[in-house]
file entry_36.cif (mmCIF, C-alpha atoms)
data_structure
loop_
_atom_site.label_atom_id
_atom_site.label_comp_id
_atom_site.auth_asym_id
_atom_site.auth_seq_id
_atom_site.Cartn_x
_atom_site.Cartn_y
_atom_site.Cartn_z
CA MET A 109 198.15 64.05 125.09
CA ARG A 110 198.92 66.37 122.21
CA ILE A 111 196.45 64.42 120.07
CA VAL A 112 193.73 64.91 122.65
CA ILE A 113 194.47 68.63 122.82
CA SER A 114 194.44 68.89 119.02
CA ILE A 115 191.12 67.07 118.81
CA GLY A 116 189.70 69.36 121.51
CA ILE A 117 190.86 72.43 119.61
CA MET A 118 189.35 71.11 116.37
CA LEU A 119 186.05 70.35 118.09
CA ALA A 120 186.02 73.81 119.62
CA LEU A 121 186.66 75.35 116.22
CA VAL A 122 183.91 73.27 114.65
CA VAL A 123 181.48 74.15 117.41
CA GLY A 124 182.52 77.77 117.10
CA ALA A 125 182.05 77.71 113.34
CA ILE A 126 178.63 76.10 113.68
CA THR A 127 177.61 78.57 116.36
CA PHE A 128 178.79 81.45 114.21
CA GLY A 129 176.92 80.03 111.22
CA VAL A 130 173.70 79.62 113.21
CA LEU A 131 173.96 83.13 114.59
CA TYR A 132 174.77 84.53 111.16
CA VAL A 133 171.89 82.76 109.40
CA ASN A 134 169.39 83.73 112.09
CA GLY A 135 170.77 87.24 112.13
CA GLN A 136 170.22 87.60 108.40
CA ALA A 137 166.62 86.38 108.76
CA SER A 138 166.05 88.87 111.58
CA SER A 139 167.54 91.87 109.74
CA PRO A 140 165.13 94.38 108.16
CA LEU A 141 164.33 93.77 104.52
CA SER A 142 164.98 96.48 101.95
CA ILE A 143 161.49 97.96 102.16
CA SER A 144 161.47 101.73 101.88
CA GLN A 145 157.68 102.19 101.88
CA PRO A 146 154.62 99.99 102.49
CA GLN A 147 153.74 97.76 99.57
CA LEU A 148 151.37 94.94 98.80
CA TYR A 149 152.54 91.44 98.05
CA THR A 150 150.31 88.62 96.82
CA VAL A 151 151.03 84.99 97.59
CA GLU A 152 149.49 82.87 94.87
CA LYS A 153 147.68 79.66 95.71
CA GLY A 154 150.08 76.72 96.05
CA SER A 155 153.16 78.89 96.63
CA SER A 156 156.00 77.51 98.75
CA GLY A 157 158.31 79.31 101.12
CA TYR A 158 161.11 79.03 98.60
CA LYS A 159 158.95 80.65 95.92
CA VAL A 160 158.14 83.51 98.25
CA VAL A 161 161.85 84.09 98.89
CA ARG A 162 162.58 84.05 95.15
CA GLU A 163 159.86 86.61 94.51
CA LEU A 164 161.00 88.86 97.34
CA ARG A 165 164.56 88.62 96.03
CA ALA A 166 163.32 89.47 92.52
CA ARG A 167 161.81 92.63 94.02
CA ASP A 168 165.23 93.45 95.53
CA LEU A 169 163.75 93.26 99.02
CA ILE A 170 166.24 90.64 100.25
CA ASP A 171 169.93 91.55 100.15
CA SER A 172 171.28 88.75 102.35
CA PRO A 173 173.21 85.89 100.68
CA GLU A 174 171.00 83.32 99.00
CA LEU A 175 172.69 80.45 100.84
CA ALA A 176 171.95 82.02 104.22
CA THR A 177 168.28 82.40 103.29
CA LYS A 178 168.00 78.81 102.10
CA LEU A 179 169.66 77.49 105.25
CA TRP A 180 167.31 79.53 107.43
CA LEU A 181 164.26 78.20 105.54
CA LYS A 182 165.45 74.61 105.77
CA PHE A 183 166.64 74.47 109.36
CA PHE A 184 165.48 77.43 111.40
CA ALA A 185 162.20 78.89 110.07
CA ALA A 186 159.38 78.20 112.53
CA ASN A 187 156.85 77.74 109.72
CA THR A 188 157.48 77.83 105.98
CA HIS A 189 153.89 76.94 105.06
CA VAL A 190 152.55 80.19 103.62
CA LYS A 191 148.88 80.95 102.99
CA SER A 192 147.67 82.53 99.77
CA GLY A 193 146.40 86.08 99.90
CA THR A 194 147.47 89.70 99.62
CA TYR A 195 149.69 91.03 102.38
CA ARG A 196 151.12 94.41 103.36
CA LEU A 197 154.89 94.61 103.69
CA THR A 198 156.14 97.50 105.80
CA PRO A 199 159.54 99.13 106.44
CA GLY A 200 161.44 97.47 109.25
CA GLN A 201 159.99 94.01 108.70
CA SER A 202 162.43 91.12 108.67
CA LEU A 203 162.17 87.91 106.66
CA ARG A 204 161.28 86.11 109.88
CA GLU A 205 158.40 88.54 110.55
CA VAL A 206 157.15 88.35 106.96
CA PHE A 207 157.00 84.57 107.14
CA ALA A 208 155.19 84.74 110.49
CA THR A 209 152.55 86.96 108.88
CA LEU A 210 152.24 84.77 105.77
CA SER A 211 152.06 81.53 107.74
CA ARG A 212 149.27 82.92 109.95
CA GLY A 213 147.36 84.21 106.92
CA GLU A 214 147.14 87.76 108.28
CA GLU A 215 146.02 89.32 105.01
CA HIS A 216 145.84 93.03 104.37
CA TYR A 217 142.36 94.53 104.69
CA PHE A 218 141.12 96.99 102.11
CA ALA A 219 138.32 99.46 102.85
CA VAL A 220 135.34 100.64 100.85
CA SER A 221 133.15 103.49 102.06
CA LEU A 222 129.52 103.13 101.06
CA VAL A 223 128.37 106.69 101.60
CA GLU A 224 125.06 107.75 103.08
CA GLY A 225 122.76 109.72 100.81
CA LEU A 226 123.75 107.83 97.67
CA THR A 227 121.53 105.40 95.80
CA LEU A 228 122.06 101.70 95.18
CA LYS A 229 123.15 102.41 91.61
CA GLU A 230 125.78 104.86 92.88
CA TRP A 231 126.97 102.33 95.44
CA LEU A 232 127.44 99.72 92.72
CA VAL A 233 129.62 102.17 90.80
CA THR A 234 131.76 102.50 93.94
CA LEU A 235 131.98 98.73 94.41
CA ASN A 236 132.79 98.10 90.76
CA ALA A 237 135.61 100.64 90.97
CA GLN A 238 137.35 98.56 93.65
CA SER A 239 139.94 96.50 91.78
CA GLU A 240 140.42 94.25 94.82
CA LEU A 241 136.76 93.16 94.75
CA ILE A 242 135.24 90.55 92.45
CA ASN A 243 132.48 92.39 90.63
CA ASP A 244 129.81 89.70 90.70
CA VAL A 245 126.64 91.76 91.08
CA THR A 246 124.52 94.17 89.04
CA PHE A 247 121.67 96.48 89.97
CA GLU A 248 119.15 94.11 88.39
CA GLN A 249 120.56 91.16 90.34
CA VAL A 250 120.31 92.99 93.65
CA GLU A 251 116.73 94.03 92.92
CA GLN A 252 115.82 90.49 91.94
CA THR A 253 117.52 89.06 95.01
CA ILE A 254 115.39 91.20 97.29
CA LYS A 255 112.23 89.95 95.61
CA THR A 256 113.03 86.24 95.33
CA THR A 257 114.08 83.42 97.61
CA SER A 258 117.84 83.68 98.05
CA GLN A 259 120.33 83.95 100.84
CA LEU A 260 119.74 87.68 101.16
CA SER A 261 115.95 87.52 101.19
CA GLU A 262 115.89 84.44 103.43
CA GLU A 263 117.78 86.44 106.05
CA LYS A 264 115.34 89.29 105.47
CA ALA A 265 112.29 87.07 105.87
CA ALA A 266 113.60 85.45 109.04
CA LEU A 267 114.74 88.61 110.78
CA THR A 268 112.66 91.44 109.37
CA PRO A 269 109.13 90.61 108.26
CA TRP A 270 108.56 94.36 107.87
CA VAL A 271 110.79 94.34 104.77
CA ASN A 272 109.14 91.37 103.07
CA ASP A 273 106.91 93.57 100.94
CA ALA A 274 109.67 95.99 99.91
CA SER A 275 109.32 96.63 96.21
CA SER A 276 112.90 97.90 95.87
CA ALA A 277 116.33 97.18 97.28
CA GLU A 278 116.85 100.92 97.76
CA GLY A 279 117.67 101.81 101.34
CA LEU A 280 118.01 98.24 102.59
CA PHE A 281 121.77 98.50 103.21
CA LEU A 282 123.57 100.41 105.95
CA ALA A 283 125.92 103.18 104.88
CA ASP A 284 129.30 102.57 106.52
CA THR A 285 132.92 101.67 105.79
CA TYR A 286 133.44 97.96 105.15
CA PHE A 287 136.76 96.12 105.29
CA PHE A 288 137.64 93.14 103.12
CA THR A 289 140.51 91.06 101.81
CA ALA A 290 141.56 90.88 98.16
CA ASN A 291 139.26 88.95 95.82
CA THR A 292 136.23 89.27 98.07
CA ALA A 293 132.93 89.21 96.16
CA ALA A 294 131.14 92.56 95.97
CA SER A 295 127.89 90.73 96.71
CA SER A 296 129.28 89.67 100.09
CA ILE A 297 129.85 93.34 100.99
CA LEU A 298 126.22 94.07 100.19
CA LYS A 299 125.07 91.11 102.25
CA ARG A 300 127.04 92.42 105.21
CA ALA A 301 125.60 95.91 104.69
CA HIS A 302 122.10 94.44 104.50
CA LYS A 303 122.55 92.42 107.69
CA ALA A 304 124.03 95.48 109.43
CA MET A 305 120.96 97.48 108.41
CA LEU A 306 118.57 94.83 109.72
CA ASP A 307 120.35 94.60 113.05
CA TYR A 308 120.62 98.35 113.57
CA VAL A 309 117.08 99.23 112.57
CA GLU A 310 115.58 96.43 114.67
CA THR A 311 117.48 97.64 117.73
CA GLN A 312 116.67 101.31 117.24
CA TRP A 313 113.00 100.63 116.50
CA GLN A 314 112.64 99.03 119.92
CA GLN A 315 114.09 102.17 121.52
CA ARG A 316 112.24 104.72 119.42
CA GLN A 317 110.48 107.83 120.67
CA ALA A 318 106.86 107.20 121.62
CA ASP A 319 103.89 108.06 119.40
CA LEU A 320 105.74 108.62 116.14
CA PRO A 321 103.61 108.73 112.97
CA LEU A 322 105.57 105.78 111.58
CA ASN A 323 103.89 102.40 111.12
CA SER A 324 106.97 100.21 110.83
CA PRO A 325 110.75 100.19 110.81
CA TYR A 326 110.49 100.44 107.02
CA ASP A 327 108.73 103.80 107.39
CA ALA A 328 111.64 104.89 109.58
CA LEU A 329 114.07 103.88 106.82
CA ILE A 330 112.12 105.88 104.26
CA LEU A 331 112.12 108.94 106.49
CA ALA A 332 115.82 108.47 107.30
CA SER A 333 116.67 108.40 103.59
CA ILE A 334 114.88 111.73 103.08
CA ILE A 335 116.68 113.26 106.07
CA GLU A 336 119.96 112.00 104.60
CA LYS A 337 119.30 113.74 101.29
CA GLU A 338 118.13 116.99 102.89
CA THR A 339 121.20 117.72 105.00
CA ALA A 340 124.80 116.72 105.50
CA VAL A 341 124.98 118.79 108.70
CA SER A 342 124.94 116.30 111.56
CA ALA A 343 123.51 118.78 114.09
CA GLU A 344 120.47 119.44 111.88
CA ARG A 345 119.30 115.87 111.36
CA THR A 346 117.06 115.59 114.40
CA LYS A 347 115.49 119.00 113.75
CA ILE A 348 114.74 118.17 110.12
CA ALA A 349 113.28 114.89 111.37
CA GLY A 350 111.14 116.95 113.75
CA VAL A 351 109.83 119.08 110.87
CA PHE A 352 108.83 116.02 108.84
CA VAL A 353 107.23 114.35 111.85
CA ASN A 354 105.24 117.53 112.52
CA ARG A 355 104.01 117.60 108.93
CA LEU A 356 103.07 113.92 109.00
CA ARG A 357 101.08 114.46 112.19
CA LYS A 358 99.23 117.39 110.61
CA ASN A 359 98.61 115.40 107.41
CA MET A 360 100.60 117.99 105.48
CA ARG A 361 102.49 117.00 102.35
CA LEU A 362 106.20 116.66 102.99
CA GLN A 363 107.07 118.74 99.90
CA THR A 364 110.71 117.70 99.79
CA ASP A 365 112.65 118.11 96.55
CA PRO A 366 114.85 114.99 96.87
CA THR A 367 111.78 112.74 96.60
CA VAL A 368 110.74 114.54 93.43
CA ILE A 369 114.21 114.10 91.95
CA TYR A 370 114.21 110.39 92.82
CA GLY A 371 110.84 110.02 91.09
CA ILE A 372 112.18 111.67 87.93
CA GLY A 373 114.90 109.01 87.80
CA ASP A 374 117.52 108.95 85.07
CA ALA A 375 115.71 111.76 83.23
CA TYR A 376 116.74 114.26 85.89
CA ASP A 377 119.29 116.69 84.41
CA GLY A 378 120.22 118.57 87.57
CA ASN A 379 117.52 121.20 87.27
CA ILE A 380 114.22 120.83 89.13
CA THR A 381 111.36 122.81 87.56
CA ARG A 382 107.82 123.83 88.52
CA LYS A 383 106.59 121.21 86.09
CA HIS A 384 108.51 118.56 87.98
CA LEU A 385 106.87 119.67 91.24
CA ARG A 386 103.40 119.45 89.66
CA THR A 387 103.89 116.16 87.80
CA PRO A 388 102.59 113.23 89.90
CA THR A 389 104.88 110.27 90.54
CA PRO A 390 104.76 107.79 93.43
CA TYR A 391 107.65 109.77 94.94
CA ASN A 392 106.49 113.34 94.37
CA THR A 393 105.72 114.50 97.90
CA TYR A 394 104.31 117.74 96.51
CA THR A 395 101.42 115.73 95.01
CA ILE A 396 101.14 112.77 97.43
CA LYS A 397 100.51 112.78 101.17
CA GLY A 398 102.65 110.83 103.57
CA LEU A 399 105.87 109.03 102.83
CA PRO A 400 106.95 107.78 99.39
CA PRO A 401 106.70 104.00 98.82
CA THR A 402 110.41 103.22 99.35
CA PRO A 403 113.57 104.88 100.63
CA ILE A 404 115.17 107.25 98.13
CA ALA A 405 118.78 106.64 99.19
CA MET A 406 120.96 104.70 101.58
CA ALA A 407 120.93 105.96 105.14
CA GLY A 408 123.57 105.93 107.85
CA LYS A 409 123.12 105.37 111.56
CA GLU A 410 122.77 109.06 112.43
CA ALA A 411 119.87 109.64 110.04
CA ILE A 412 118.08 106.48 111.18
CA TRP A 413 118.51 107.51 114.80
CA ALA A 414 117.20 110.99 113.98
CA ALA A 415 114.10 109.58 112.26
CA LEU A 416 113.29 107.59 115.40
CA ASN A 417 114.28 110.36 117.85
CA PRO A 418 113.19 113.64 116.24
CA MET A 419 113.75 116.94 118.00
CA GLU A 420 110.71 118.58 119.56
CA THR A 421 110.16 121.72 117.51
CA ASP A 422 107.31 123.88 116.29
CA ALA A 423 108.99 124.26 112.89
CA LEU A 424 107.05 123.13 109.84
CA TYR A 425 109.34 124.45 107.12
CA PHE A 426 113.02 124.82 106.30
CA VAL A 427 115.00 126.30 103.44
CA ALA A 428 118.66 125.98 102.48
CA ARG A 429 120.79 128.99 103.35
CA GLY A 430 123.32 128.18 100.66
CA ASP A 431 126.13 127.23 103.05
CA GLY A 432 124.91 123.71 103.77
CA SER A 433 122.74 124.72 106.72
CA HIS A 434 119.00 125.53 106.82
CA GLU A 435 116.66 128.24 108.08
CA PHE A 436 113.70 126.78 110.00
CA SER A 437 110.28 128.43 110.26
CA SER A 438 107.07 127.66 112.12
CA SER A 439 104.77 129.64 109.82
CA LEU A 440 104.29 129.88 106.08
CA ALA A 441 104.83 133.65 106.17
CA ALA A 442 108.19 133.27 107.90
CA HIS A 443 109.12 130.49 105.51
CA ASN A 444 108.28 132.60 102.45
CA ALA A 445 110.43 135.40 103.83
CA ALA A 446 113.31 132.95 104.31
CA VAL A 447 112.84 131.71 100.74
CA ARG A 448 113.03 135.27 99.43
CA LYS A 449 116.14 135.91 101.51
CA TYR A 450 118.09 132.76 100.76
CA GLN A 451 116.68 131.45 97.50
CA LEU A 452 115.47 134.47 95.57
CA ASN A 453 118.18 136.82 96.87
CA ARG A 454 115.81 139.60 97.79
CA LYS A 455 114.30 140.88 101.01
#
call {"tool": "encode", "arguments": {"input": "entry_36.cif", "output": "structure tokens"}}
result
Amino acid sequence: MRIVISIGIMLALVVGAITFGVLYVNGQASSPLSISQPQLYTVEKGSSGYKVVRELRARDLIDSPELATKLWLKFFAANTHVKSGTYRLTPGQSLREVFATLSRGEEHYFAVSLVEGLTLKEWLVTLNAQSELINDVTFEQVEQTIKTTSQLSEEKAALTPWVNDASSAEGLFLADTYFFTANTAASSILKRAHKAMLDYVETQWQQRQADLPLNSPYDALILASIIEKETAVSAERTKIAGVFVNRLRKNMRLQTDPTVIYGIGDAYDGNITRKHLRTPTPYNTYTIKGLPPTPIAMAGKEAIWAALNPMETDALYFVARGDGSHEFSSSLAAHNAAVRKYQLNRK
């Protein structure tokens, strides 16, 4: 009888020890790691769960005993198959939660803002400055892609025949914030921006205001790019669109400085002169009638919407007040007075 009791006690102790060990090991895996602030962690291709643990320990993020961690990985971890990529580790995360994220491949998303009113060249500077992107594209490559048979132009030809004759890639991408994972190709961001532009313009063109002096969605893009360069004040976009639409209907020259500057190109030094205004270029709307041949910048949704839904106004002119807003006039005399007031600093 005593032997039976002794065996029972020993079994109870063993079971108790095992239970304690299981609880301890799982408890260590469920305890928060030593993460004081969010940080990025990259899992290289071919990494194992054990390698991940070694690297986290090398960063002093794991302070539990090594044996406990190894036991958890071997016997209790739901999934030790980790996927390569860059992940965001945050305070409060446990080893169990980190492995759940890594095994599901829930990579951290970076963001790049491709700002409206900037040119393709300026966008490429932004993309090339993103260390998480693979810089696989140049200005010349983008221009060539638009003009030749490629994935980008095949999508263009299938979805937007109105862009097939575009002589430039300028304006053919939608200004927005784009999210991506580490080591994404910059060209793929541009393809997404191009597709977003096609989709948005096609939709808005179908819902446009009636009887606009615009022959195609491409004309709307050109006008939107000019609106984008003329004002950063959201409330003014539709009114500026209304001014340009009025001038187009009256066969008046648009006479907008941003088109002149775009026509000058890299030679522009920040100072627009009377000579610039008088020198003909395909983009100088002081010397040509109608719209320039291509957009002069990238446009966002608001400017595109404004170009297709201009405000009804009798204004034909506007001048910058110097605070970002504009003074609108319906007559040349009133416009000249506004120019004297806001530009020449005399009444």
call {"tool": "residues_near_point", "arguments": {"input": "entry_36.cif", "point": "(163.1, 86.8, 105.9)", "cutoff": "8 Å", "atoms": "all atoms listed in the file", "output": "list in words"}}
result
Gln136, Ala137, Ser138, Ser139, Leu141, Val161, Ile170, Thr177, Ser202, Leu203, Arg204, Glu205, Val206 and Phe207 of chain A
call {"tool": "write_last_selection", "arguments": {"input": "entry_36.cif", "atoms": "C-alpha atoms", "output": "mmCIF file, in the frame of the given file"}}
result
data_model
loop_
_atom_site.group_PDB
_atom_site.id
_atom_site.type_symbol
_atom_site.label_atom_id
_atom_site.label_comp_id
_atom_site.auth_asym_id
_atom_site.auth_seq_id
_atom_site.Cartn_x
_atom_site.Cartn_y
_atom_site.Cartn_z
ATOM 1 C CA GLN A 136 170.220 87.600 108.400
ATOM 2 C CA ALA A 137 166.620 86.380 108.760
ATOM 3 C CA SER A 138 166.050 88.870 111.580
ATOM 4 C CA SER A 139 167.540 91.870 109.740
ATOM 5 C CA LEU A 141 164.330 93.770 104.520
ATOM 6 C CA VAL A 161 161.850 84.090 98.890
ATOM 7 C CA ILE A 170 166.240 90.640 100.250
ATOM 8 C CA THR A 177 168.280 82.400 103.290
ATOM 9 C CA SER A 202 162.430 91.120 108.670
ATOM 10 C CA LEU A 203 162.170 87.910 106.660
ATOM 11 C CA ARG A 204 161.280 86.110 109.880
ATOM 12 C CA GLU A 205 158.400 88.540 110.550
ATOM 13 C CA VAL A 206 157.150 88.350 106.960
ATOM 14 C CA PHE A 207 157.000 84.570 107.140
#
call {"tool": "resolve_selection", "arguments": {"input": "entry_36.cif", "expression": "the PyMOL selection byres ((chain A and resi 397) around 6)", "output": "list in words"}}
result
Arg361, Ile396 and Gly398 of chain A
call {"tool": "residues_near_point", "arguments": {"input": "entry_36.cif", "point": "(110.6, 119.5, 118.6)", "cutoff": "10 Å", "atoms": "all atoms listed in the file", "output": "PyMOL selection string"}}
result
chain A and resi 346-351+353-354+417-423
call {"tool": "resolve_selection", "arguments": {"input": "entry_36.cif", "expression": "the PyMOL selection byres ((chain A and resi 280) around 8)", "output": "tab-separated table (two decimals) with C-alpha atoms, keeping the file's coordinate frame"}}
result
chain	number	residue	atom	x	y	z
A	277	ALA	CA	116.33	97.18	97.28
A	278	GLU	CA	116.85	100.92	97.76
A	279	GLY	CA	117.67	101.81	101.34
A	281	PHE	CA	121.77	98.50	103.21
A	282	LEU	CA	123.57	100.41	105.95
A	302	HIS	CA	122.10	94.44	104.50
A	305	MET	CA	120.96	97.48	108.41
A	306	LEU	CA	118.57	94.83	109.72
A	406	MET	CA	120.96	104.70	101.58
call {"tool": "closest_residue", "arguments": {"input": "entry_36.cif", "among": "A:Ile334, A:Thr339, A:Ser439, A:Gly200", "to": "Tyr391 (chain A)", "atoms": "only C-alpha atoms"}}
result
A:Ile334
call {"tool": "closest_atom_pairs", "arguments": {"input": "entry_36.cif", "of": "region 287-373 of chain A", "to": "region 408-412 of chain A", "cutoff": "12 Å", "atoms": "all atoms listed in the file", "output": "Markdown table"}}
result
| residue | atom | partner | partner_atom | distance |
| --- | --- | --- | --- | --- |
| A:Ala301 | CA | A:Gly408 | CA | 10.7 |
| A:Ala304 | CA | A:Lys409 | CA | 10.2 |
| A:Met305 | CA | A:Lys409 | CA | 8.8 |
| A:Leu306 | CA | A:Lys409 | CA | 11.6 |
| A:Asp307 | CA | A:Lys409 | CA | 11.2 |
| A:Tyr308 | CA | A:Lys409 | CA | 7.7 |
| A:Val309 | CA | A:Ile412 | CA | 7.4 |
| A:Glu310 | CA | A:Ile412 | CA | 10.9 |
| A:Thr311 | CA | A:Ile412 | CA | 11.0 |
| A:Gln312 | CA | A:Ile412 | CA | 8.1 |
| A:Trp313 | CA | A:Ile412 | CA | 9.4 |
| A:Gln315 | CA | A:Ile412 | CA | 11.9 |
| A:Arg316 | CA | A:Ile412 | CA | 10.3 |
| A:Pro325 | CA | A:Ile412 | CA | 9.7 |
| A:Tyr326 | CA | A:Ile412 | CA | 10.6 |
| A:Asp327 | CA | A:Ile412 | CA | 10.4 |
| A:Ala328 | CA | A:Ile412 | CA | 6.8 |
| A:Leu329 | CA | A:Ile412 | CA | 6.5 |
| A:Ile330 | CA | A:Ile412 | CA | 9.2 |
| A:Leu331 | CA | A:Ile412 | CA | 8.0 |
| A:Ala332 | CA | A:Ile412 | CA | 4.9 |
| A:Ser333 | CA | A:Ala411 | CA | 7.3 |
| A:Ile334 | CA | A:Ala411 | CA | 8.8 |
| A:Ile335 | CA | A:Ala411 | CA | 6.2 |
| A:Glu336 | CA | A:Ala411 | CA | 5.9 |
| A:Lys337 | CA | A:Ala411 | CA | 9.7 |
| A:Glu338 | CA | A:Ala411 | CA | 10.4 |
| A:Thr339 | CA | A:Ala411 | CA | 9.6 |
| A:Ala340 | CA | A:Ala411 | CA | 9.7 |
| A:Val341 | CA | A:Ala411 | CA | 10.6 |
| A:Ser342 | CA | A:Glu410 | CA | 7.6 |
| A:Ala343 | CA | A:Glu410 | CA | 9.9 |
| A:Glu344 | CA | A:Ala411 | CA | 10.0 |
| A:Arg345 | CA | A:Ala411 | CA | 6.4 |
| A:Thr346 | CA | A:Ala411 | CA | 7.9 |
| A:Lys347 | CA | A:Ala411 | CA | 11.0 |
| A:Ile348 | CA | A:Ala411 | CA | 10.0 |
| A:Ala349 | CA | A:Ala411 | CA | 8.5 |
| A:Gly350 | CA | A:Ala411 | CA | 12.0 |
call {"tool": "write_last_selection", "arguments": {"input": "entry_36.cif", "atoms": "C-alpha atoms", "output": "PDB file, keeping the file's coordinate frame"}}
result
ATOM      1  CA  ALA A 301     125.600  95.910 104.690  1.00  0.00           C
ATOM      2  CA  ALA A 304     124.030  95.480 109.430  1.00  0.00           C
ATOM      3  CA  MET A 305     120.960  97.480 108.410  1.00  0.00           C
ATOM      4  CA  LEU A 306     118.570  94.830 109.720  1.00  0.00           C
ATOM      5  CA  ASP A 307     120.350  94.600 113.050  1.00  0.00           C
ATOM      6  CA  TYR A 308     120.620  98.350 113.570  1.00  0.00           C
ATOM      7  CA  VAL A 309     117.080  99.230 112.570  1.00  0.00           C
ATOM      8  CA  GLU A 310     115.580  96.430 114.670  1.00  0.00           C
ATOM      9  CA  THR A 311     117.480  97.640 117.730  1.00  0.00           C
ATOM     10  CA  GLN A 312     116.670 101.310 117.240  1.00  0.00           C
ATOM     11  CA  TRP A 313     113.000 100.630 116.500  1.00  0.00           C
ATOM     12  CA  GLN A 315     114.090 102.170 121.520  1.00  0.00           C
ATOM     13  CA  ARG A 316     112.240 104.720 119.420  1.00  0.00           C
ATOM     14  CA  PRO A 325     110.750 100.190 110.810  1.00  0.00           C
ATOM     15  CA  TYR A 326     110.490 100.440 107.020  1.00  0.00           C
ATOM     16  CA  ASP A 327     108.730 103.800 107.390  1.00  0.00           C
ATOM     17  CA  ALA A 328     111.640 104.890 109.580  1.00  0.00           C
ATOM     18  CA  LEU A 329     114.070 103.880 106.820  1.00  0.00           C
ATOM     19  CA  ILE A 330     112.120 105.880 104.260  1.00  0.00           C
ATOM     20  CA  LEU A 331     112.120 108.940 106.490  1.00  0.00           C
ATOM     21  CA  ALA A 332     115.820 108.470 107.300  1.00  0.00           C
ATOM     22  CA  SER A 333     116.670 108.400 103.590  1.00  0.00           C
ATOM     23  CA  ILE A 334     114.880 111.730 103.080  1.00  0.00           C
ATOM     24  CA  ILE A 335     116.680 113.260 106.070  1.00  0.00           C
ATOM     25  CA  GLU A 336     119.960 112.000 104.600  1.00  0.00           C
ATOM     26  CA  LYS A 337     119.300 113.740 101.290  1.00  0.00           C
ATOM     27  CA  GLU A 338     118.130 116.990 102.890  1.00  0.00           C
ATOM     28  CA  THR A 339     121.200 117.720 105.000  1.00  0.00           C
ATOM     29  CA  ALA A 340     124.800 116.720 105.500  1.00  0.00           C
ATOM     30  CA  VAL A 341     124.980 118.790 108.700  1.00  0.00           C
ATOM     31  CA  SER A 342     124.940 116.300 111.560  1.00  0.00           C
ATOM     32  CA  ALA A 343     123.510 118.780 114.090  1.00  0.00           C
ATOM     33  CA  GLU A 344     120.470 119.440 111.880  1.00  0.00           C
ATOM     34  CA  ARG A 345     119.300 115.870 111.360  1.00  0.00           C
ATOM     35  CA  THR A 346     117.060 115.590 114.400  1.00  0.00           C
ATOM     36  CA  LYS A 347     115.490 119.000 113.750  1.00  0.00           C
ATOM     37  CA  ILE A 348     114.740 118.170 110.120  1.00  0.00           C
ATOM     38  CA  ALA A 349     113.280 114.890 111.370  1.00  0.00           C
ATOM     39  CA  GLY A 350     111.140 116.950 113.750  1.00  0.00           C
TER      40      GLY A 350
END
call {"tool": "closest_residue", "arguments": {"input": "entry_36.cif", "among": "A:Ser144, A:Gln451, A:Thr387, A:Ser192", "to": "Glu214 (chain A)", "atoms": "all atoms listed in the file"}}
result
A:Ser192
call {"tool": "closest_residue", "arguments": {"input": "entry_36.cif", "among": "A:Tyr425, A:Tyr149, A:Ala274, A:Leu241", "to": "Leu440 (chain A)", "atoms": "only C-alpha atoms"}}
result
A:Tyr425
call {"tool": "resolve_selection", "arguments": {"input": "entry_36.cif", "expression": "the PyMOL selection byres ((chain A and resi 283-286) around 6)", "output": "number ranges by chain"}}
result
A: 219-224, 282, 287, 407-408
call {"tool": "write_last_selection", "arguments": {"input": "entry_36.cif", "atoms": "C-alpha atoms", "output": "short mmCIF file (atom, residue, chain, number, x, y, z; two decimals), keeping the file's coordinate frame"}}
result
data_model
loop_
_atom_site.label_atom_id
_atom_site.label_comp_id
_atom_site.auth_asym_id
_atom_site.auth_seq_id
_atom_site.Cartn_x
_atom_site.Cartn_y
_atom_site.Cartn_z
CA ALA A 219 138.32 99.46 102.85
CA VAL A 220 135.34 100.64 100.85
CA SER A 221 133.15 103.49 102.06
CA LEU A 222 129.52 103.13 101.06
CA VAL A 223 128.37 106.69 101.60
CA GLU A 224 125.06 107.75 103.08
CA LEU A 282 123.57 100.41 105.95
CA PHE A 287 136.76 96.12 105.29
CA ALA A 407 120.93 105.96 105.14
CA GLY A 408 123.57 105.93 107.85
#
call {"tool": "residues_around", "arguments": {"input": "entry_36.cif", "residues": "Ser156 (chain A)", "least_positions_apart": "6", "cutoff": "10 Å", "atoms": "all atoms listed in the file", "output": "list in words"}}
result
Arg162, Thr188, His189, Val190, Lys191 and Ser192 of chain A
call {"tool": "atom_distance", "arguments": {"input": "entry_36.cif", "atom1": "CA of Pro388 (chain A)", "atom2": "CA of Pro400 (chain A)"}}
result
11.8 Å
call {"tool": "atom_distance", "arguments": {"input": "entry_36.cif", "atom1": "CA of Lys153 (chain A)", "atom2": "CA of Gly193 (chain A)"}}
result
7.8 Å
call {"tool": "decode", "arguments": {"input": "entry_36.cif", "residues": "region 276-290 of chain A", "atoms": "C-alpha atoms", "output": "PDB file, in the first residue's frame"}}
result
ATOM      1  CA  SER A 276       4.353  62.845 -72.791  1.00  0.00           C
ATOM      2  CA  ALA A 277       3.900  60.876 -69.597  1.00  0.00           C
ATOM      3  CA  GLU A 278       3.269  64.147 -67.750  1.00  0.00           C
ATOM      4  CA  GLY A 279      -0.052  64.163 -65.947  1.00  0.00           C
ATOM      5  CA  LEU A 280      -0.889  60.510 -66.593  1.00  0.00           C
ATOM      6  CA  PHE A 281      -0.581  59.488 -62.926  1.00  0.00           C
ATOM      7  CA  LEU A 282      -2.928  60.287 -60.061  1.00  0.00           C
ATOM      8  CA  ALA A 283      -1.540  62.318 -57.177  1.00  0.00           C
ATOM      9  CA  ASP A 284      -2.229  60.436 -53.949  1.00  0.00           C
ATOM     10  CA  THR A 285      -0.560  58.584 -51.079  1.00  0.00           C
ATOM     11  CA  TYR A 286       0.485  55.052 -51.995  1.00  0.00           C
ATOM     12  CA  PHE A 287       1.323  52.266 -49.551  1.00  0.00           C
ATOM     13  CA  PHE A 288       3.874  49.547 -50.200  1.00  0.00           C
ATOM     14  CA  THR A 289       6.013  46.903 -48.547  1.00  0.00           C
ATOM     15  CA  ALA A 290       9.816  46.989 -48.404  1.00  0.00           C
TER      16      ALA A 290
END
